[in-house]
Amino acid sequence: MTVSRDPAAGALAGLRVVDAATLFAGPMAAMHLGDMGAEVIKVEHPGRPDPARNHGVAKDGVNLWWKTLGRNKRTITADLGKPGGREVFLKLAERSDVIIENFRPGTLERWDLGYDELSARNPRLVLARVTGFGQIGPYRRRPGFGTLAEAMSGFAAATGEPDGPPTLPPFGLADGIASLATAYAIMVALSARERTGRGQVVDTAIVEPILAMLGPQITRWDQLRSVQPRTGNRSVNNAPRNTYRTGDGQWVAVSTSAQSIAERVMRLVGRPDLIDEPWFASGAERAKHADELDEAVGAWIGRHTRDEVIAEFEAAQAAVAPIYDAADIVEDPQFRALGTIHEIEDPELGPTLMQGPIFRLSGHDGVVAHTGRAHGADTDEVLGELGFPADEVARMRAEGAV
């Protein structure tokens, strides 16, 4: 289990990012950058905080999702539609490398805060715009929640049982994928800035990254005029591939993407005879015999405990994994070895566990300096750093601008 570290140790130390987005894709992209040492300043409306602060479960009135999503961020308030808040945003733009926003297209321009105005103050600024459907096109002004992207990308149509309805994920899958794509795009734009000396606009449509992750569905439609069917936990490309219940009531997942693995599994479960069937030599052909293969594998797994199944599969060099919940993840020795779970001291919750940065670098540690902070907790400090005297901050606060 990993504990907090000094943000100055991060690979992106010295990079300033303004998170002016709400809910998930944009703020999560900022979180990824903050995890690697970037200074992140979260800008929220004085009277309407990021709705993520009230999303999901809470403990004693303390929201738990925000503690992760808001980590490594200083929090300030500013109403960008008021002159004072607009000037705060422009001052931030002058002194920052990246701004991430997810207002509906045209909103920043309506406040005279479009890229023309921002880049006039700072030509090196990268503006990342994260919306459901992008900055152009007939859907650009539609509300852009991840659920819509999961529906329109083809994900839901391909997910679920063959005789069941299209199925949505029980978490923000499209938002999470879009956050990674946005963080990557920002780093590409920053790399280009090293050559050109100028920033640029990143346009992320949440629907596109998840579509890109779904494999060759577009090429398949173009060339074969067919779409991927719903197959539940099975695959049309190989078998056995499914989830199986063990003798002690647990669950495991088995994959046989490689021919050699499929053969090892069938020998392990006592059905080497199936390997000699003509259809067994092809993953796609094996998938047509999934009922027979699942029956053989499922019967063997059902006679053993989960620990026995894992041990036997590992000894046979066959691919298996236990199906975990959060309690299993926290105790797993591989996650412990990787330092996946971080323990952070939170002022409201005390020692708090959360998943940490999503990769490791040999020369820099990932950074989880602190959990999500209260709404506007750092407003006075940050505005002071931007050159606003205390009396002006007080005046803007009285006007509702901050």
# chains A, B, ... in the order shown; residues from 1 in each chain; ligands from 1
call {"tool": "closest_atom_pairs", "arguments": {"of": "segment 140-203 of chain A", "to": "segment 98-111 of chain A", "cutoff": "8 Å", "atoms": "only C-alpha atoms", "output": "tab-separated table"}}
result
residue	atom	partner	partner_atom	distance
A:Arg140	CA	A:Pro105	CA	6.6
A:Arg141	CA	A:Arg104	CA	5.9
A:Arg142	CA	A:Arg104	CA	7.9
A:Pro143	CA	A:Arg104	CA	7.7
A:Ile186	CA	A:Val98	CA	7.7
call {"tool": "write_last_selection", "arguments": {"atoms": "all heavy atoms", "output": "JSON list (two decimals), in the first residue's frame"}}
result
[["chain", "number", "residue", "atom", "x", "y", "z"],
["A", 140, "ARG", "N", -23.58, 19.12, -31.51],
["A", 140, "ARG", "CA", -22.58, 19.74, -30.63],
["A", 140, "ARG", "C", -23.19, 20.37, -29.38],
["A", 140, "ARG", "O", -22.52, 20.46, -28.36],
["A", 140, "ARG", "CB", -21.78, 20.78, -31.41],
["A", 140, "ARG", "CG", -22.57, 21.99, -31.89],
["A", 140, "ARG", "CD", -21.73, 22.87, -32.82],
["A", 140, "ARG", "NE", -22.43, 24.06, -33.25],
["A", 140, "ARG", "CZ", -23.32, 24.09, -34.22],
["A", 140, "ARG", "NH1", -23.61, 22.97, -34.88],
["A", 140, "ARG", "NH2", -23.92, 25.21, -34.56],
["A", 141, "ARG", "N", -24.45, 20.80, -29.44],
["A", 141, "ARG", "CA", -25.04, 21.47, -28.29],
["A", 141, "ARG", "C", -25.85, 20.52, -27.41],
["A", 141, "ARG", "O", -26.44, 20.94, -26.42],
["A", 141, "ARG", "CB", -25.92, 22.63, -28.74],
["A", 141, "ARG", "CG", -25.13, 23.73, -29.44],
["A", 141, "ARG", "CD", -25.97, 24.98, -29.67],
["A", 141, "ARG", "NE", -25.25, 25.96, -30.46],
["A", 141, "ARG", "CZ", -24.33, 26.79, -29.98],
["A", 141, "ARG", "NH1", -24.02, 26.74, -28.69],
["A", 141, "ARG", "NH2", -23.72, 27.65, -30.77],
["A", 142, "ARG", "N", -25.89, 19.26, -27.76],
["A", 142, "ARG", "CA", -26.62, 18.30, -26.93],
["A", 142, "ARG", "C", -25.88, 18.08, -25.61],
["A", 142, "ARG", "O", -24.66, 18.11, -25.56],
["A", 142, "ARG", "CB", -26.74, 16.96, -27.64],
["A", 142, "ARG", "CG", -27.71, 16.93, -28.81],
["A", 142, "ARG", "CD", -27.84, 15.50, -29.32],
["A", 142, "ARG", "NE", -28.76, 15.41, -30.46],
["A", 142, "ARG", "CZ", -29.05, 14.27, -31.07],
["A", 142, "ARG", "NH1", -28.50, 13.14, -30.68],
["A", 142, "ARG", "NH2", -29.90, 14.27, -32.09],
["A", 143, "PRO", "N", -26.64, 17.82, -24.53],
["A", 143, "PRO", "CA", -25.96, 17.40, -23.29],
["A", 143, "PRO", "C", -25.12, 16.16, -23.58],
["A", 143, "PRO", "O", -25.56, 15.26, -24.31],
["A", 143, "PRO", "CB", -27.12, 17.09, -22.34],
["A", 143, "PRO", "CG", -28.28, 17.88, -22.90],
["A", 143, "PRO", "CD", -28.09, 17.90, -24.38],
["A", 186, "ILE", "N", -3.60, 16.30, -24.54],
["A", 186, "ILE", "CA", -2.95, 17.46, -23.93],
["A", 186, "ILE", "C", -1.43, 17.32, -24.01],
["A", 186, "ILE", "O", -0.72, 18.27, -24.38],
["A", 186, "ILE", "CB", -3.41, 17.63, -22.47],
["A", 186, "ILE", "CG1", -4.86, 18.14, -22.44],
["A", 186, "ILE", "CG2", -2.49, 18.58, -21.71],
["A", 186, "ILE", "CD1", -5.49, 18.08, -21.06]]
call {"tool": "residues_around", "arguments": {"residues": "segment 358-371 of chain A", "least_positions_apart": "5", "cutoff": "9 Å", "atoms": "only C-alpha atoms", "output": "ChimeraX atom specification"}}
result
/A:3-11,32,34-37,66-73,338,340,342,344-347,352
call {"tool": "residues_around", "arguments": {"residues": "Trp251 of chain A", "least_positions_apart": "4", "cutoff": "8 Å", "atoms": "only C-alpha atoms", "output": "PyMOL selection string"}}
result
chain A and resi 243-246+306+322-323
call {"tool": "write_last_selection", "arguments": {"atoms": "N, CA and C atoms", "output": "PDB file, in the first residue's frame"}}
result
ATOM      1  N   THR A 243     -17.244 -16.865 -17.600  1.00  0.00           N
ATOM      2  CA  THR A 243     -17.094 -16.880 -16.151  1.00  0.00           C
ATOM      3  C   THR A 243     -17.691 -18.185 -15.629  1.00  0.00           C
ATOM      4  N   TYR A 244     -17.058 -18.728 -14.607  1.00  0.00           N
ATOM      5  CA  TYR A 244     -17.459 -20.040 -14.101  1.00  0.00           C
ATOM      6  C   TYR A 244     -17.503 -20.002 -12.581  1.00  0.00           C
ATOM      7  N   ARG A 245     -18.505 -20.672 -12.018  1.00  0.00           N
ATOM      8  CA  ARG A 245     -18.686 -20.709 -10.566  1.00  0.00           C
ATOM      9  C   ARG A 245     -17.882 -21.870  -9.984  1.00  0.00           C
ATOM     10  N   THR A 246     -17.117 -21.565  -8.950  1.00  0.00           N
ATOM     11  CA  THR A 246     -16.292 -22.590  -8.312  1.00  0.00           C
ATOM     12  C   THR A 246     -17.095 -23.352  -7.263  1.00  0.00           C
ATOM     13  N   ARG A 306     -12.051 -21.965  -5.335  1.00  0.00           N
ATOM     14  CA  ARG A 306     -11.398 -20.943  -6.160  1.00  0.00           C
ATOM     15  C   ARG A 306      -9.883 -21.020  -6.039  1.00  0.00           C
ATOM     16  N   PRO A 322      -9.380 -14.694 -10.772  1.00  0.00           N
ATOM     17  CA  PRO A 322     -10.544 -14.607  -9.898  1.00  0.00           C
ATOM     18  C   PRO A 322     -11.343 -13.350 -10.211  1.00  0.00           C
ATOM     19  N   ILE A 323     -12.626 -13.416 -10.024  1.00  0.00           N
ATOM     20  CA  ILE A 323     -13.477 -12.234 -10.200  1.00  0.00           C
ATOM     21  C   ILE A 323     -13.571 -11.545  -8.848  1.00  0.00           C
TER      22      ILE A 323
END
call {"tool": "select_by_dssp", "arguments": {"residues": "segment 257-393 of chain A", "states": "strand (DSSP E or B)", "output": "ChimeraX atom specification"}}
result
/A:320-322,341-346,350-355
call {"tool": "closest_residue", "arguments": {"among": "A:Gln228, A:Gln355, A:Gln217, A:Ser191", "to": "Ala326 of chain A", "atoms": "only C-alpha atoms"}}
result
A:Gln355
call {"tool": "closest_residue", "arguments": {"among": "A:Ala239, A:Ala25, A:Val130, A:Ser255", "to": "Ala174 of chain A", "atoms": "only C-alpha atoms"}}
result
A:Ala25
call {"tool": "select_by_dssp", "arguments": {"residues": "segment 37-140 of chain A", "states": "alpha helix (DSSP H)", "output": "list in words"}}
result
Trp65, Trp66, Lys67, Thr68, Leu69, Pro83, Gly84, Gly85, Arg86, Glu87, Val88, Phe89, Leu90, Lys91, Leu92, Ala93, Glu94, Thr107, Leu108, Glu109, Arg110, Tyr115, Asp116, Glu117, Leu118, Ser119, Ala120 and Arg121 of chain A
call {"tool": "write_last_selection", "arguments": {"atoms": "N, CA, C and O atoms", "output": "short mmCIF file (atom, residue, chain, number, x, y, z; two decimals), in the first residue's frame"}}
result
data_model
loop_
_atom_site.label_atom_id
_atom_site.label_comp_id
_atom_site.auth_asym_id
_atom_site.auth_seq_id
_atom_site.Cartn_x
_atom_site.Cartn_y
_atom_site.Cartn_z
N TRP A 65 -16.63 9.85 -3.71
CA TRP A 65 -16.12 9.93 -5.08
C TRP A 65 -15.27 11.18 -5.25
O TRP A 65 -14.22 11.16 -5.89
N TRP A 66 -15.71 12.29 -4.65
CA TRP A 66 -14.96 13.53 -4.79
C TRP A 66 -13.57 13.43 -4.18
O TRP A 66 -12.62 14.06 -4.66
N LYS A 67 -13.42 12.63 -3.13
CA LYS A 67 -12.11 12.51 -2.48
C LYS A 67 -11.06 11.98 -3.47
O LYS A 67 -9.89 12.36 -3.39
N THR A 68 -11.49 11.12 -4.40
CA THR A 68 -10.58 10.63 -5.43
C THR A 68 -10.51 11.58 -6.61
O THR A 68 -9.42 11.98 -7.04
N LEU A 69 -11.66 11.98 -7.15
CA LEU A 69 -11.69 12.81 -8.35
C LEU A 69 -11.04 14.18 -8.11
O LEU A 69 -10.43 14.75 -9.01
N PRO A 83 -17.83 39.99 -14.57
CA PRO A 83 -16.53 40.62 -14.90
C PRO A 83 -15.41 40.18 -13.98
O PRO A 83 -14.29 39.91 -14.45
N GLY A 84 -15.68 40.14 -12.67
CA GLY A 84 -14.62 39.74 -11.75
C GLY A 84 -14.16 38.31 -11.99
O GLY A 84 -12.96 38.02 -12.01
N GLY A 85 -15.11 37.40 -12.17
CA GLY A 85 -14.76 36.02 -12.42
C GLY A 85 -14.05 35.84 -13.75
O GLY A 85 -13.12 35.03 -13.87
N ARG A 86 -14.47 36.62 -14.74
CA ARG A 86 -13.80 36.57 -16.05
C ARG A 86 -12.34 37.00 -15.92
O ARG A 86 -11.44 36.38 -16.50
N GLU A 87 -12.09 38.05 -15.14
CA GLU A 87 -10.72 38.52 -14.98
C GLU A 87 -9.87 37.50 -14.23
O GLU A 87 -8.69 37.30 -14.55
N VAL A 88 -10.46 36.81 -13.26
CA VAL A 88 -9.74 35.74 -12.58
C VAL A 88 -9.34 34.66 -13.58
O VAL A 88 -8.19 34.18 -13.58
N PHE A 89 -10.26 34.30 -14.46
CA PHE A 89 -9.98 33.25 -15.44
C PHE A 89 -8.89 33.68 -16.41
O PHE A 89 -8.01 32.89 -16.77
N LEU A 90 -8.93 34.94 -16.83
CA LEU A 90 -7.89 35.44 -17.73
C LEU A 90 -6.52 35.47 -17.05
O LEU A 90 -5.50 35.16 -17.68
N LYS A 91 -6.51 35.82 -15.77
CA LYS A 91 -5.24 35.82 -15.04
C LYS A 91 -4.70 34.39 -14.93
O LYS A 91 -3.49 34.16 -15.05
N LEU A 92 -5.60 33.44 -14.71
CA LEU A 92 -5.18 32.05 -14.67
C LEU A 92 -4.62 31.63 -16.03
O LEU A 92 -3.61 30.92 -16.11
N ALA A 93 -5.30 32.03 -17.10
CA ALA A 93 -4.84 31.68 -18.44
C ALA A 93 -3.44 32.22 -18.70
O ALA A 93 -2.60 31.55 -19.33
N GLU A 94 -3.16 33.43 -18.21
CA GLU A 94 -1.84 34.03 -18.41
C GLU A 94 -0.73 33.18 -17.80
O GLU A 94 0.37 33.11 -18.35
N THR A 107 -20.17 28.55 -25.13
CA THR A 107 -20.36 29.18 -23.83
C THR A 107 -19.19 30.08 -23.47
O THR A 107 -19.38 31.25 -23.08
N LEU A 108 -17.97 29.59 -23.59
CA LEU A 108 -16.82 30.44 -23.30
C LEU A 108 -16.80 31.67 -24.21
O LEU A 108 -16.47 32.78 -23.78
N GLU A 109 -17.15 31.48 -25.46
CA GLU A 109 -17.17 32.60 -26.41
C GLU A 109 -18.21 33.63 -25.99
O GLU A 109 -17.99 34.85 -26.14
N ARG A 110 -19.33 33.18 -25.46
CA ARG A 110 -20.37 34.12 -25.01
C ARG A 110 -19.86 34.98 -23.86
O ARG A 110 -20.29 36.13 -23.70
N TYR A 115 -10.92 30.88 -27.22
CA TYR A 115 -9.47 30.69 -27.35
C TYR A 115 -8.78 31.93 -27.89
O TYR A 115 -7.61 32.19 -27.56
N ASP A 116 -9.47 32.73 -28.68
CA ASP A 116 -8.85 33.96 -29.18
C ASP A 116 -8.47 34.87 -28.01
O ASP A 116 -7.36 35.41 -27.97
N GLU A 117 -9.40 35.05 -27.07
CA GLU A 117 -9.12 35.91 -25.91
C GLU A 117 -8.07 35.29 -24.99
O GLU A 117 -7.17 35.97 -24.49
N LEU A 118 -8.19 33.98 -24.75
CA LEU A 118 -7.26 33.32 -23.84
C LEU A 118 -5.84 33.29 -24.41
O LEU A 118 -4.87 33.57 -23.70
N SER A 119 -5.73 32.95 -25.69
CA SER A 119 -4.39 32.86 -26.29
C SER A 119 -3.77 34.24 -26.50
O SER A 119 -2.54 34.35 -26.60
N ALA A 120 -4.61 35.29 -26.57
CA ALA A 120 -4.05 36.64 -26.65
C ALA A 120 -3.28 36.96 -25.37
O ALA A 120 -2.27 37.67 -25.39
N ARG A 121 -3.78 36.44 -24.25
CA ARG A 121 -3.08 36.62 -22.98
C ARG A 121 -1.88 35.67 -22.85
O ARG A 121 -0.92 35.99 -22.18
#
call {"tool": "closest_residue", "arguments": {"among": "A:Asp19, A:Glu348, A:Glu39, A:Asp97", "to": "Gln200 of chain A", "atoms": "only C-alpha atoms"}}
result
A:Asp97
call {"tool": "atom_distance", "arguments": {"atom1": "atom CA of Ala290 of chain A", "atom2": "atom CA of Pro240 of chain A"}}
result
6.2 Å
call {"tool": "atom_distance", "arguments": {"atom1": "atom CA of Ala284 of chain A", "atom2": "atom CA of Pro209 of chain A"}}
result
27.3 Å
call {"tool": "closest_residue", "arguments": {"among": "A:Asn233, A:Asn122, A:Ser226, A:Ser153", "to": "Arg198 of chain A", "atoms": "only C-alpha atoms"}}
result
A:Asn122
call {"tool": "residues_around", "arguments": {"residues": "Val43 of chain A", "least_positions_apart": "2", "cutoff": "10 Å", "atoms": "only C-alpha atoms", "output": "PyMOL selection string"}}
result
chain A and resi 18-22+40-41+45-46+49-50+73-80+88-89+92+101+375-376+379+402
call {"tool": "write_last_selection", "arguments": {"atoms": "C-alpha atoms", "output": "mmCIF file, in the first residue's frame"}}
result
data_model
loop_
_atom_site.group_PDB
_atom_site.id
_atom_site.type_symbol
_atom_site.label_atom_id
_atom_site.label_comp_id
_atom_site.auth_asym_id
_atom_site.auth_seq_id
_atom_site.Cartn_x
_atom_site.Cartn_y
_atom_site.Cartn_z
ATOM 1 C CA VAL A 18 -6.750 24.743 -14.720
ATOM 2 C CA ASP A 19 -9.665 22.325 -14.298
ATOM 3 C CA ALA A 20 -12.798 24.268 -15.221
ATOM 4 C CA ALA A 21 -14.791 21.144 -16.118
ATOM 5 C CA THR A 22 -17.509 19.308 -14.197
ATOM 6 C CA VAL A 40 -4.015 21.597 -10.776
ATOM 7 C CA ILE A 41 -6.341 24.458 -9.874
ATOM 8 C CA HIS A 45 -19.011 28.336 -9.699
ATOM 9 C CA PRO A 46 -19.439 30.019 -6.285
ATOM 10 C CA PRO A 49 -20.109 23.354 -7.214
ATOM 11 C CA ASP A 50 -19.096 20.502 -9.487
ATOM 12 C CA LYS A 73 -6.254 19.890 -6.851
ATOM 13 C CA ARG A 74 -6.429 23.292 -5.206
ATOM 14 C CA THR A 75 -10.001 24.562 -5.320
ATOM 15 C CA ILE A 76 -11.187 28.094 -6.060
ATOM 16 C CA THR A 77 -14.484 29.672 -7.037
ATOM 17 C CA ALA A 78 -15.216 32.100 -9.876
ATOM 18 C CA ASP A 79 -18.357 32.994 -11.814
ATOM 19 C CA LEU A 80 -16.965 33.275 -15.336
ATOM 20 C CA VAL A 88 -9.742 35.740 -12.578
ATOM 21 C CA PHE A 89 -9.983 33.250 -15.436
ATOM 22 C CA LEU A 92 -5.178 32.049 -14.673
ATOM 23 C CA GLU A 101 -13.320 22.867 -19.811
ATOM 24 C CA HIS A 375 -15.418 23.888 -2.401
ATOM 25 C CA GLY A 376 -13.400 27.085 -2.788
ATOM 26 C CA THR A 379 -9.662 30.843 -3.388
ATOM 27 C CA VAL A 402 -15.858 34.479 -6.586
#
